[in-house]
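A.B. asks: To be precise about what I am sending: the file is called query_30.cif and holds mmCIF, N, CA and C atoms and all ligand atoms.
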data_structure
#
loop_
_atom_site.label_atom_id
_atom_site.label_comp_id
_atom_site.auth_asym_id
_atom_site.auth_seq_id
_atom_site.Cartn_x
_atom_site.Cartn_y
_atom_site.Cartn_z
N MET N 1 -18.82 -30.15 15.58
CA MET N 1 -19.33 -30.71 14.33
C MET N 1 -18.27 -31.52 13.62
N ALA N 2 -17.02 -31.01 13.71
CA ALA N 2 -15.92 -31.69 13.00
C ALA N 2 -15.70 -33.13 13.45
N PRO N 3 -15.66 -33.41 14.80
CA PRO N 3 -15.46 -34.80 15.22
C PRO N 3 -16.59 -35.70 14.74
N LEU N 4 -17.85 -35.16 14.74
CA LEU N 4 -19.00 -35.95 14.28
C LEU N 4 -18.84 -36.29 12.79
N PHE N 5 -18.39 -35.29 12.03
CA PHE N 5 -18.19 -35.51 10.60
C PHE N 5 -17.12 -36.59 10.38
N ARG N 6 -16.04 -36.49 11.20
CA ARG N 6 -14.95 -37.47 11.07
C ARG N 6 -15.45 -38.89 11.38
N LEU N 7 -16.37 -38.96 12.40
CA LEU N 7 -16.90 -40.26 12.81
C LEU N 7 -17.64 -40.93 11.65
N PHE N 8 -18.44 -40.11 10.91
CA PHE N 8 -19.24 -40.67 9.83
C PHE N 8 -18.51 -40.69 8.49
N SER N 9 -17.29 -40.18 8.49
CA SER N 9 -16.56 -40.12 7.23
C SER N 9 -16.03 -41.50 6.84
N SER N 10 -15.98 -42.42 7.82
CA SER N 10 -15.51 -43.76 7.49
C SER N 10 -16.70 -44.66 7.16
N TRP N 11 -16.65 -45.28 6.03
CA TRP N 11 -17.73 -46.16 5.57
C TRP N 11 -17.92 -47.31 6.57
N HIS N 12 -16.81 -47.76 7.12
CA HIS N 12 -16.86 -48.86 8.08
C HIS N 12 -17.67 -48.45 9.32
N THR N 13 -17.43 -47.23 9.83
CA THR N 13 -18.14 -46.74 11.01
C THR N 13 -19.64 -46.65 10.73
N VAL N 14 -19.97 -46.14 9.53
CA VAL N 14 -21.38 -46.01 9.16
C VAL N 14 -22.04 -47.38 9.17
N ARG N 15 -21.34 -48.37 8.63
CA ARG N 15 -21.91 -49.72 8.56
C ARG N 15 -22.08 -50.32 9.95
N VAL N 16 -21.08 -50.12 10.80
CA VAL N 16 -21.16 -50.67 12.17
C VAL N 16 -22.30 -50.00 12.94
N LEU N 17 -22.36 -48.65 12.83
CA LEU N 17 -23.42 -47.92 13.54
C LEU N 17 -24.80 -48.30 12.99
N GLY N 18 -24.88 -48.43 11.67
CA GLY N 18 -26.15 -48.81 11.02
C GLY N 18 -26.60 -50.18 11.51
N SER N 19 -25.67 -51.13 11.57
CA SER N 19 -26.02 -52.47 12.04
C SER N 19 -26.48 -52.44 13.48
N ALA N 20 -25.77 -51.63 14.30
CA ALA N 20 -26.13 -51.53 15.71
C ALA N 20 -27.54 -50.96 15.86
N ILE N 21 -27.86 -49.92 15.07
CA ILE N 21 -29.18 -49.30 15.15
C ILE N 21 -30.26 -50.30 14.71
N LEU N 22 -29.97 -51.01 13.61
CA LEU N 22 -30.92 -52.02 13.11
C LEU N 22 -31.15 -53.10 14.17
N PHE N 23 -30.06 -53.52 14.80
CA PHE N 23 -30.15 -54.54 15.85
C PHE N 23 -31.04 -54.05 16.99
N LEU N 24 -30.84 -52.78 17.39
CA LEU N 24 -31.63 -52.23 18.51
C LEU N 24 -33.11 -52.13 18.14
N ILE N 25 -33.38 -51.75 16.88
CA ILE N 25 -34.78 -51.64 16.44
C ILE N 25 -35.43 -53.03 16.48
N LEU N 26 -34.71 -54.04 15.95
CA LEU N 26 -35.24 -55.41 15.96
C LEU N 26 -35.43 -55.90 17.39
N LEU N 27 -34.46 -55.58 18.24
CA LEU N 27 -34.53 -56.00 19.65
C LEU N 27 -35.76 -55.39 20.30
N ALA N 28 -35.99 -54.09 20.04
CA ALA N 28 -37.13 -53.41 20.66
C ALA N 28 -38.44 -54.01 20.16
N ALA N 29 -38.47 -54.39 18.87
CA ALA N 29 -39.70 -54.93 18.30
C ALA N 29 -40.01 -56.31 18.85
N TYR N 30 -38.97 -57.05 19.23
CA TYR N 30 -39.19 -58.43 19.69
C TYR N 30 -38.83 -58.62 21.16
N LEU N 31 -38.82 -57.53 21.90
CA LEU N 31 -38.47 -57.62 23.32
C LEU N 31 -39.74 -57.63 24.16
N PHE N 32 -39.90 -58.65 24.94
CA PHE N 32 -41.07 -58.76 25.80
C PHE N 32 -40.62 -58.84 27.25
N PHE N 33 -41.36 -58.21 28.12
CA PHE N 33 -41.05 -58.27 29.55
C PHE N 33 -42.06 -59.17 30.26
N ALA N 34 -41.60 -59.80 31.31
CA ALA N 34 -42.50 -60.65 32.09
C ALA N 34 -42.03 -60.68 33.53
N GLY N 35 -42.92 -61.10 34.40
CA GLY N 35 -42.55 -61.29 35.81
C GLY N 35 -42.64 -60.03 36.63
N GLN N 36 -42.01 -60.09 37.76
CA GLN N 36 -42.09 -59.02 38.76
C GLN N 36 -41.73 -57.65 38.18
N ILE N 37 -40.80 -57.65 37.23
CA ILE N 37 -40.34 -56.38 36.65
C ILE N 37 -41.48 -55.62 35.97
N THR N 38 -42.54 -56.33 35.57
CA THR N 38 -43.65 -55.67 34.88
C THR N 38 -44.66 -55.09 35.88
N GLY N 39 -44.57 -55.52 37.14
CA GLY N 39 -45.51 -54.99 38.14
C GLY N 39 -46.41 -56.05 38.74
N VAL N 40 -46.36 -57.28 38.19
CA VAL N 40 -47.14 -58.34 38.82
C VAL N 40 -46.35 -58.85 40.03
N GLU N 41 -47.05 -59.45 40.97
CA GLU N 41 -46.36 -59.94 42.15
C GLU N 41 -46.81 -61.37 42.46
N GLY N 42 -45.84 -62.24 42.71
CA GLY N 42 -46.16 -63.62 43.07
C GLY N 42 -45.61 -64.61 42.05
N TYR N 43 -45.50 -65.86 42.50
CA TYR N 43 -44.95 -66.91 41.64
C TYR N 43 -45.86 -67.18 40.44
N VAL N 44 -47.13 -67.43 40.76
CA VAL N 44 -48.08 -67.81 39.70
C VAL N 44 -48.27 -66.64 38.73
N GLU N 45 -48.37 -65.43 39.29
CA GLU N 45 -48.57 -64.24 38.46
C GLU N 45 -47.39 -64.04 37.51
N SER N 46 -46.17 -64.23 38.06
CA SER N 46 -44.98 -64.05 37.23
C SER N 46 -44.92 -65.12 36.14
N ALA N 47 -45.26 -66.35 36.53
CA ALA N 47 -45.27 -67.44 35.54
C ALA N 47 -46.31 -67.16 34.47
N MET N 48 -47.47 -66.64 34.89
CA MET N 48 -48.54 -66.31 33.94
C MET N 48 -48.07 -65.25 32.94
N SER N 49 -47.41 -64.22 33.45
CA SER N 49 -46.98 -63.16 32.54
C SER N 49 -45.89 -63.68 31.60
N GLY N 50 -45.08 -64.63 32.08
CA GLY N 50 -44.07 -65.25 31.21
C GLY N 50 -44.72 -66.06 30.11
N MET N 51 -45.79 -66.77 30.48
CA MET N 51 -46.51 -67.56 29.47
C MET N 51 -47.12 -66.64 28.41
N LEU N 52 -47.73 -65.53 28.89
CA LEU N 52 -48.33 -64.58 27.94
C LEU N 52 -47.26 -63.98 27.02
N ALA N 53 -46.11 -63.62 27.61
CA ALA N 53 -45.04 -63.03 26.80
C ALA N 53 -44.59 -64.04 25.73
N GLY N 54 -44.51 -65.31 26.13
CA GLY N 54 -44.12 -66.36 25.18
C GLY N 54 -45.13 -66.49 24.06
N ILE N 55 -46.41 -66.45 24.42
CA ILE N 55 -47.47 -66.56 23.41
C ILE N 55 -47.40 -65.37 22.45
N HIS N 56 -47.25 -64.17 23.00
CA HIS N 56 -47.18 -62.96 22.16
C HIS N 56 -45.98 -63.04 21.22
N TYR N 57 -44.86 -63.50 21.77
CA TYR N 57 -43.63 -63.58 20.96
C TYR N 57 -43.81 -64.57 19.81
N TRP N 58 -44.34 -65.73 20.14
CA TRP N 58 -44.53 -66.77 19.11
C TRP N 58 -45.48 -66.24 18.02
N ARG N 59 -46.56 -65.57 18.44
CA ARG N 59 -47.53 -65.08 17.46
C ARG N 59 -46.91 -63.98 16.60
N LYS N 60 -46.12 -63.15 17.21
CA LYS N 60 -45.47 -62.08 16.44
C LYS N 60 -44.52 -62.68 15.40
N LEU N 61 -43.76 -63.68 15.85
CA LEU N 61 -42.82 -64.34 14.92
C LEU N 61 -43.56 -64.94 13.73
N HIS N 62 -44.78 -65.44 13.95
CA HIS N 62 -45.55 -66.10 12.91
C HIS N 62 -46.55 -65.16 12.24
N GLY N 63 -46.40 -63.85 12.47
CA GLY N 63 -47.23 -62.85 11.80
C GLY N 63 -48.68 -62.87 12.24
N LYS N 64 -48.94 -63.38 13.43
CA LYS N 64 -50.32 -63.44 13.92
C LYS N 64 -50.58 -62.28 14.88
N PRO N 65 -51.83 -61.77 14.92
CA PRO N 65 -52.13 -60.66 15.84
C PRO N 65 -52.08 -61.14 17.29
N PRO N 66 -51.78 -60.25 18.23
CA PRO N 66 -51.74 -60.69 19.63
C PRO N 66 -53.13 -61.09 20.12
N ILE N 67 -53.15 -62.03 21.03
CA ILE N 67 -54.42 -62.39 21.66
C ILE N 67 -54.44 -61.72 23.03
N VAL N 68 -55.42 -60.86 23.21
CA VAL N 68 -55.49 -60.12 24.47
C VAL N 68 -56.50 -60.81 25.38
N PRO N 69 -56.04 -61.32 26.53
CA PRO N 69 -56.98 -62.02 27.41
C PRO N 69 -58.03 -61.08 27.97
N SER N 70 -59.23 -61.62 28.17
CA SER N 70 -60.34 -60.82 28.69
C SER N 70 -60.06 -60.34 30.12
N GLU N 71 -60.57 -59.17 30.42
CA GLU N 71 -60.39 -58.63 31.78
C GLU N 71 -61.29 -59.32 32.80
N ALA N 72 -62.07 -60.29 32.32
CA ALA N 72 -62.90 -61.07 33.25
C ALA N 72 -62.10 -62.23 33.85
N CYS N 73 -60.88 -62.43 33.35
CA CYS N 73 -60.03 -63.44 33.99
C CYS N 73 -58.76 -62.73 34.47
N VAL N 74 -58.04 -63.38 35.38
CA VAL N 74 -56.90 -62.72 36.04
C VAL N 74 -55.81 -62.33 35.04
N MET N 75 -55.62 -63.18 34.02
CA MET N 75 -54.59 -62.84 33.02
C MET N 75 -54.82 -61.45 32.43
N GLY N 76 -56.06 -61.21 32.00
CA GLY N 76 -56.39 -59.93 31.38
C GLY N 76 -56.43 -58.80 32.40
N ALA N 77 -57.01 -59.10 33.57
CA ALA N 77 -57.16 -58.05 34.59
C ALA N 77 -55.79 -57.58 35.09
N LEU N 78 -54.87 -58.53 35.29
CA LEU N 78 -53.53 -58.13 35.75
C LEU N 78 -52.77 -57.40 34.64
N SER N 79 -52.96 -57.86 33.41
CA SER N 79 -52.29 -57.18 32.29
C SER N 79 -52.75 -55.73 32.20
N ARG N 80 -54.08 -55.55 32.35
CA ARG N 80 -54.61 -54.18 32.29
C ARG N 80 -54.07 -53.38 33.46
N TYR N 81 -54.02 -54.00 34.64
CA TYR N 81 -53.56 -53.28 35.83
C TYR N 81 -52.14 -52.75 35.66
N VAL N 82 -51.23 -53.62 35.18
CA VAL N 82 -49.83 -53.17 35.09
C VAL N 82 -49.63 -52.19 33.93
N ALA N 83 -50.54 -52.26 32.93
CA ALA N 83 -50.38 -51.36 31.77
C ALA N 83 -51.03 -50.00 32.03
N ALA N 84 -51.98 -49.97 32.96
CA ALA N 84 -52.69 -48.71 33.22
C ALA N 84 -51.85 -47.78 34.07
N GLU N 85 -52.25 -46.53 34.04
CA GLU N 85 -51.53 -45.57 34.86
C GLU N 85 -52.04 -45.66 36.29
N ASN N 86 -51.21 -46.21 37.18
CA ASN N 86 -51.61 -46.34 38.58
C ASN N 86 -50.66 -45.51 39.43
N LYS N 87 -51.21 -44.49 40.06
CA LYS N 87 -50.33 -43.66 40.88
C LYS N 87 -50.86 -43.59 42.29
N PRO N 88 -50.11 -43.94 43.32
CA PRO N 88 -48.79 -44.55 43.25
C PRO N 88 -48.92 -46.02 42.89
N PHE N 89 -47.98 -46.52 42.10
CA PHE N 89 -48.07 -47.89 41.62
C PHE N 89 -47.77 -48.90 42.73
N GLN N 90 -48.58 -49.92 42.82
CA GLN N 90 -48.35 -51.00 43.77
C GLN N 90 -48.31 -52.31 42.98
N PRO N 91 -47.26 -53.14 43.14
CA PRO N 91 -47.26 -54.44 42.48
C PRO N 91 -48.53 -55.19 42.88
N MET N 92 -49.05 -55.98 41.97
CA MET N 92 -50.36 -56.61 42.21
C MET N 92 -50.32 -58.12 42.01
N ASN N 93 -51.03 -58.81 42.89
CA ASN N 93 -51.17 -60.26 42.70
C ASN N 93 -52.59 -60.59 42.25
N ALA N 94 -52.83 -61.87 42.05
CA ALA N 94 -54.16 -62.29 41.59
C ALA N 94 -55.16 -62.14 42.73
N ASN N 95 -56.26 -61.45 42.47
CA ASN N 95 -57.33 -61.34 43.48
C ASN N 95 -58.62 -60.92 42.80
N TYR N 96 -59.72 -61.18 43.48
CA TYR N 96 -61.03 -60.90 42.88
C TYR N 96 -61.23 -59.40 42.63
N GLY N 97 -60.59 -58.57 43.45
CA GLY N 97 -60.79 -57.13 43.35
C GLY N 97 -60.40 -56.52 42.01
N ILE N 98 -59.49 -57.16 41.29
CA ILE N 98 -59.06 -56.56 40.01
C ILE N 98 -59.92 -57.07 38.84
N LEU N 99 -60.73 -58.10 39.11
CA LEU N 99 -61.58 -58.62 38.03
C LEU N 99 -62.78 -57.71 37.80
N ARG N 100 -63.27 -57.71 36.55
CA ARG N 100 -64.48 -56.95 36.26
C ARG N 100 -65.59 -57.47 37.18
N GLY N 101 -66.31 -56.56 37.83
CA GLY N 101 -67.29 -56.96 38.83
C GLY N 101 -68.55 -57.61 38.27
N LEU N 102 -69.37 -58.13 39.17
CA LEU N 102 -70.66 -58.71 38.80
C LEU N 102 -71.69 -58.16 39.77
N ASP N 103 -72.88 -57.89 39.27
CA ASP N 103 -73.91 -57.30 40.12
C ASP N 103 -74.68 -58.40 40.88
N VAL N 104 -73.98 -59.02 41.82
CA VAL N 104 -74.59 -60.08 42.64
C VAL N 104 -74.30 -59.74 44.10
N SER N 105 -75.33 -59.72 44.92
CA SER N 105 -75.11 -59.27 46.31
C SER N 105 -74.47 -60.34 47.20
N ASP N 106 -74.81 -61.60 46.99
CA ASP N 106 -74.23 -62.65 47.82
C ASP N 106 -72.75 -62.84 47.45
N LYS N 107 -71.86 -62.57 48.42
CA LYS N 107 -70.42 -62.53 48.11
C LYS N 107 -69.89 -63.87 47.62
N LYS N 108 -70.33 -64.94 48.30
CA LYS N 108 -69.83 -66.27 47.95
C LYS N 108 -70.27 -66.64 46.53
N GLU N 109 -71.54 -66.35 46.24
CA GLU N 109 -72.08 -66.67 44.91
C GLU N 109 -71.41 -65.79 43.84
N LYS N 110 -71.17 -64.55 44.22
CA LYS N 110 -70.51 -63.63 43.28
C LYS N 110 -69.13 -64.16 42.88
N LYS N 111 -68.37 -64.61 43.87
CA LYS N 111 -67.03 -65.14 43.58
C LYS N 111 -67.11 -66.41 42.74
N ARG N 112 -68.11 -67.24 43.06
CA ARG N 112 -68.25 -68.48 42.29
C ARG N 112 -68.55 -68.15 40.82
N LEU N 113 -69.46 -67.19 40.62
CA LEU N 113 -69.82 -66.82 39.24
C LEU N 113 -68.64 -66.17 38.51
N MET N 114 -67.88 -65.36 39.26
CA MET N 114 -66.71 -64.70 38.63
C MET N 114 -65.67 -65.74 38.22
N ALA N 115 -65.47 -66.74 39.08
CA ALA N 115 -64.51 -67.80 38.76
C ALA N 115 -64.99 -68.60 37.54
N GLU N 116 -66.29 -68.87 37.52
CA GLU N 116 -66.87 -69.62 36.40
C GLU N 116 -66.71 -68.83 35.09
N ARG N 117 -66.99 -67.54 35.19
CA ARG N 117 -66.86 -66.67 34.00
C ARG N 117 -65.40 -66.63 33.53
N ALA N 118 -64.47 -66.55 34.49
CA ALA N 118 -63.04 -66.49 34.15
C ALA N 118 -62.61 -67.78 33.43
N LEU N 119 -63.09 -68.92 33.94
CA LEU N 119 -62.72 -70.19 33.29
C LEU N 119 -63.27 -70.25 31.87
N GLY N 120 -64.49 -69.70 31.69
CA GLY N 120 -65.09 -69.64 30.35
C GLY N 120 -64.22 -68.80 29.40
N GLU N 121 -63.72 -67.68 29.92
CA GLU N 121 -62.87 -66.79 29.11
C GLU N 121 -61.57 -67.50 28.71
N ILE N 122 -61.03 -68.29 29.67
CA ILE N 122 -59.79 -69.00 29.39
C ILE N 122 -60.04 -70.07 28.31
N ASP N 123 -61.20 -70.71 28.37
CA ASP N 123 -61.55 -71.69 27.32
C ASP N 123 -61.61 -71.01 25.96
N LEU N 124 -62.22 -69.81 25.93
CA LEU N 124 -62.33 -69.05 24.67
C LEU N 124 -60.93 -68.71 24.14
N MET N 125 -60.06 -68.30 25.07
CA MET N 125 -58.69 -67.91 24.66
C MET N 125 -57.95 -69.14 24.14
N ARG N 126 -58.13 -70.27 24.82
CA ARG N 126 -57.46 -71.49 24.38
C ARG N 126 -57.93 -71.88 22.97
N ALA N 127 -59.25 -71.72 22.73
CA ALA N 127 -59.79 -72.05 21.41
C ALA N 127 -59.22 -71.11 20.35
N ALA N 128 -59.11 -69.82 20.71
CA ALA N 128 -58.56 -68.84 19.75
C ALA N 128 -57.09 -69.15 19.45
N LEU N 129 -56.37 -69.63 20.45
CA LEU N 129 -54.94 -69.95 20.25
C LEU N 129 -54.77 -71.17 19.36
N ALA N 130 -55.74 -72.07 19.42
CA ALA N 130 -55.64 -73.31 18.65
C ALA N 130 -55.84 -73.08 17.17
N LYS N 131 -56.44 -71.93 16.81
CA LYS N 131 -56.75 -71.66 15.39
C LYS N 131 -55.47 -71.40 14.59
C1 LIG O 201 -39.04 -62.77 50.73
C2 LIG O 201 -40.03 -63.01 49.63
C3 LIG O 201 -41.03 -63.92 49.82
C4 LIG O 201 -41.96 -64.16 48.80
N1 LIG O 201 -42.95 -65.07 49.02
C5 LIG O 201 -43.81 -65.35 48.04
C6 LIG O 201 -44.81 -66.35 48.22
O1 LIG O 201 -44.92 -66.98 49.26
N2 LIG O 201 -45.66 -66.58 47.20
C7 LIG O 201 -45.58 -65.91 46.02
O2 LIG O 201 -46.37 -66.18 45.12
N3 LIG O 201 -44.63 -64.96 45.82
C8 LIG O 201 -43.75 -64.65 46.80
N4 LIG O 201 -42.79 -63.69 46.61
C9 LIG O 201 -42.78 -62.95 45.34
C10 LIG O 201 -42.11 -63.79 44.28
O3 LIG O 201 -40.86 -64.26 44.75
C11 LIG O 201 -41.87 -62.96 43.03
O4 LIG O 201 -43.04 -62.24 42.68
C12 LIG O 201 -41.46 -63.84 41.86
O5 LIG O 201 -40.39 -64.70 42.22
C13 LIG O 201 -41.02 -62.99 40.69
O6 LIG O 201 -40.59 -63.84 39.68
P1 LIG O 201 -39.67 -63.30 38.52
O7 LIG O 201 -39.35 -64.48 37.67
O8 LIG O 201 -40.30 -62.12 37.89
O9 LIG O 201 -38.36 -62.73 39.23
P2 LIG O 201 -37.30 -63.51 40.11
O10 LIG O 201 -37.87 -64.74 40.73
O11 LIG O 201 -36.72 -62.45 41.00
O12 LIG O 201 -36.26 -63.99 39.01
C14 LIG O 201 -35.38 -63.09 38.40
C15 LIG O 201 -34.10 -63.85 38.14
O13 LIG O 201 -33.27 -63.04 37.31
C16 LIG O 201 -31.96 -63.14 37.81
N5 LIG O 201 -31.25 -61.93 37.38
C17 LIG O 201 -31.36 -60.67 37.86
N6 LIG O 201 -30.55 -59.83 37.21
C18 LIG O 201 -29.91 -60.58 36.28
C19 LIG O 201 -28.93 -60.28 35.31
N7 LIG O 201 -28.47 -59.05 35.11
N8 LIG O 201 -28.51 -61.29 34.51
C20 LIG O 201 -28.98 -62.55 34.66
N9 LIG O 201 -29.90 -62.88 35.58
C21 LIG O 201 -30.37 -61.91 36.37
C22 LIG O 201 -32.08 -63.25 39.31
O14 LIG O 201 -30.94 -63.84 39.87
C23 LIG O 201 -33.30 -64.18 39.40
O15 LIG O 201 -32.96 -65.54 39.39
C24 LIG O 201 -41.87 -63.45 47.60
C25 LIG O 201 -40.84 -62.53 47.41
C26 LIG O 201 -39.94 -62.29 48.42
C27 LIG O 201 -38.83 -61.28 48.19
#
Translate this structure into structure tokens?
Ligand SMILES: Cc1cc2nc3c(=O)[nH]c(=O)nc-3n(C[C@H](O)[C@H](O)[C@H](O)COP(=O)(O)OP(=O)(O)OC[C@H]3O[C@@H](n4cnc5c(N)ncnc54)[C@H](O)[C@@H]3O)c2cc1C
C.D. replies:
Amino acid sequence: MAPLFRLFSSWHTVRVLGSAILFLILLAAYLFFAGQITGVEGYVESAMSGMLAGIHYWRKLHGKPPIVPSEACVMGALSRYVAAENKPFQPMNANYGILRGLDVSDKKEKKRLMAERALGEIDLMRAALAK
């Protein structure tokens, strides 16, 4: 206990430690991760997560709420995948399997409709970002 007391007995130490703690809190609040380290896999996927991190950071800096992409497009589906509890975890790339499904039996038509729906969601997100 005595060494700890001695450490905090100096006003200078308290100020340095206080600043360091404040810095770490601010860092944690404004720290965003992107790319392979988050669990996405691939060039496009990593670039996408970097773009999302940039958007979130900019919005946070400007006091705006985060925009969460829909799970009907790959941005949202991959974000949900890496944030969810997956055991054992496997890095994931963009694929139809992670998108919210559609009740259409013809596979080719199903993929076409899913892609169309995803593009619609991206348009909605773009419009929301423009506000
Ligand atoms: C052999 C191989 C083949 C692949 N082929 C494909 C493919 O064909 N298509 C595809 O889509 N994906 C492919 N991938 C996956 C793809 O490379 C990654 O998913 C993607 O590059 C991840 O991007 P990133 O920016 O998250 O990380 P990285 O591209 O790994 O970038 C991280 C960067 O951080 C740097 N760095 C690390 N530590 C520090 C540090 N302490 N300080 C400063 N800098 C640091 C590294 O040097 C690196 O430049 C392949 C991966 C491998 C290994």
A.B. asks: List as a list in words the protein and nucleic acid residues lying within 6 Å of ligand LIG 201 (chain O), with all atoms listed in the file counted.
C.D. replies: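 Based on all atoms listed in the file, ligand LIG 201 (chain O) is surrounded within 6 Å by Ala34, Gly35, Gln36, Ile37, Val40, Glu41, Gly42, Tyr43, Val44 and Ser46 of chain N.
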A.B. asks: So that each row is one residue of region 57-90 of chain N with an atom at most 7 Å from region 97-104 of chain N, can you give its shortest atom pair and the distance in Å to one decimal, using all atoms listed in the file, rows by chain and rising number, as JSON lines?
C.D. replies:
{"residue": "N:Glu71", "atom": "C", "partner": "N:Arg100", "partner_atom": "N", "distance": 4.5}
{"residue": "N:Ala72", "atom": "CA", "partner": "N:Arg100", "partner_atom": "N", "distance": 4.7}
{"residue": "N:Cys73", "atom": "N", "partner": "N:Leu99", "partner_atom": "CA", "distance": 6.1}
{"residue": "N:Val74", "atom": "N", "partner": "N:Leu99", "partner_atom": "CA", "distance": 6.5}
{"residue": "N:Ala77", "atom": "CA", "partner": "N:Ile98", "partner_atom": "C", "distance": 5.2}
{"residue": "N:Leu78", "atom": "N", "partner": "N:Ile98", "partner_atom": "C", "distance": 6.3}
A.B. asks: For the residues in the current selection, export N, CA and C atoms as an mmCIF file, in the frame of the given file.
C.D. replies:
data_model
loop_
_atom_site.group_PDB
_atom_site.id
_atom_site.type_symbol
_atom_site.label_atom_id
_atom_site.label_comp_id
_atom_site.auth_asym_id
_atom_site.auth_seq_id
_atom_site.Cartn_x
_atom_site.Cartn_y
_atom_site.Cartn_z
ATOM 1 N N GLU N 71 -60.570 -59.170 30.420
ATOM 2 C CA GLU N 71 -60.390 -58.630 31.780
ATOM 3 C C GLU N 71 -61.290 -59.320 32.800
ATOM 4 N N ALA N 72 -62.070 -60.290 32.320
ATOM 5 C CA ALA N 72 -62.900 -61.070 33.250
ATOM 6 C C ALA N 72 -62.100 -62.230 33.850
ATOM 7 N N CYS N 73 -60.880 -62.430 33.350
ATOM 8 C CA CYS N 73 -60.030 -63.440 33.990
ATOM 9 C C CYS N 73 -58.760 -62.730 34.470
ATOM 10 N N VAL N 74 -58.040 -63.380 35.380
ATOM 11 C CA VAL N 74 -56.900 -62.720 36.040
ATOM 12 C C VAL N 74 -55.810 -62.330 35.040
ATOM 13 N N ALA N 77 -57.010 -59.100 33.570
ATOM 14 C CA ALA N 77 -57.160 -58.050 34.590
ATOM 15 C C ALA N 77 -55.790 -57.580 35.090
ATOM 16 N N LEU N 78 -54.870 -58.530 35.290
ATOM 17 C CA LEU N 78 -53.530 -58.130 35.750
ATOM 18 C C LEU N 78 -52.770 -57.400 34.640
#
A.B. asks: For the structure I just gave you, how does DSSP split region 58-118 of chain N - specifically, which residues are alpha helix (DSSP H)? Reply as a list in words.
C.D. replies: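 Matching residues, listed in order: Trp58, Arg59, Lys60, Leu61, Val74, Met75, Gly76, Ala77, Leu78, Ser79, Arg80, Tyr81, Val82, Ala83, Lys107, Lys108, Glu109, Lys110, Lys111, Arg112, Leu113, Met114, Ala115, Glu116, Arg117 and Ala118 of chain N.
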A.B. asks: Can you list, as a ChimeraX atom specification, every protein, DNA or RNA residue that comes within 6 Å of region 29-32 of chain N when you count all atoms listed in the file, leaving out same-chain residues fewer than 4 positions away?
C.D. replies: /N:24-25,53
A.B. asks: For the atom pair CA of Gly18 (chain N) and CA of Gly54 (chain N), what is the interatomic distance in Å to one decimal place?
C.D. replies: 28.8 Å
A.B. asks: Please indicate the distance in Å from CA of Met48 (chain N) to CA of Ala127 (chain N), rounded to one decimal place.
C.D. replies: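 Those two atoms sit 17.8 Å apart.
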A.B. asks: Excluding Leu52 (chain N) and its own-chain neighbours fewer than 2 positions away, which residues fall within 10 Å of it when counting only C-alpha atoms? Please give them as a VMD selection string.
C.D. replies: chain N and resid 32 to 34 46 to 50 54 to 58 66 to 69 75 to 76 79
A.B. asks: Mind pulling up the distance from CA of Ile122 (chain N) to atom N of Arg80 (chain N)?
C.D. replies: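 Calculated distance between atom N of Arg80 (chain N) and CA of Ile122 (chain N) is 14.9 Å.
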A.B. asks: Let me know the centre plus edge lengths, in Å and rounded to one decimal, of a box with edges along x, y and z that contains all listed atoms of region 46-53 of chain N and is padded by 5 Å on every side, as JSON.
C.D. replies:
{"center_x": -46.3, "center_y": -65.3, "center_z": 31.9, "size_x": 14.5, "size_y": 14.5, "size_z": 22.3}
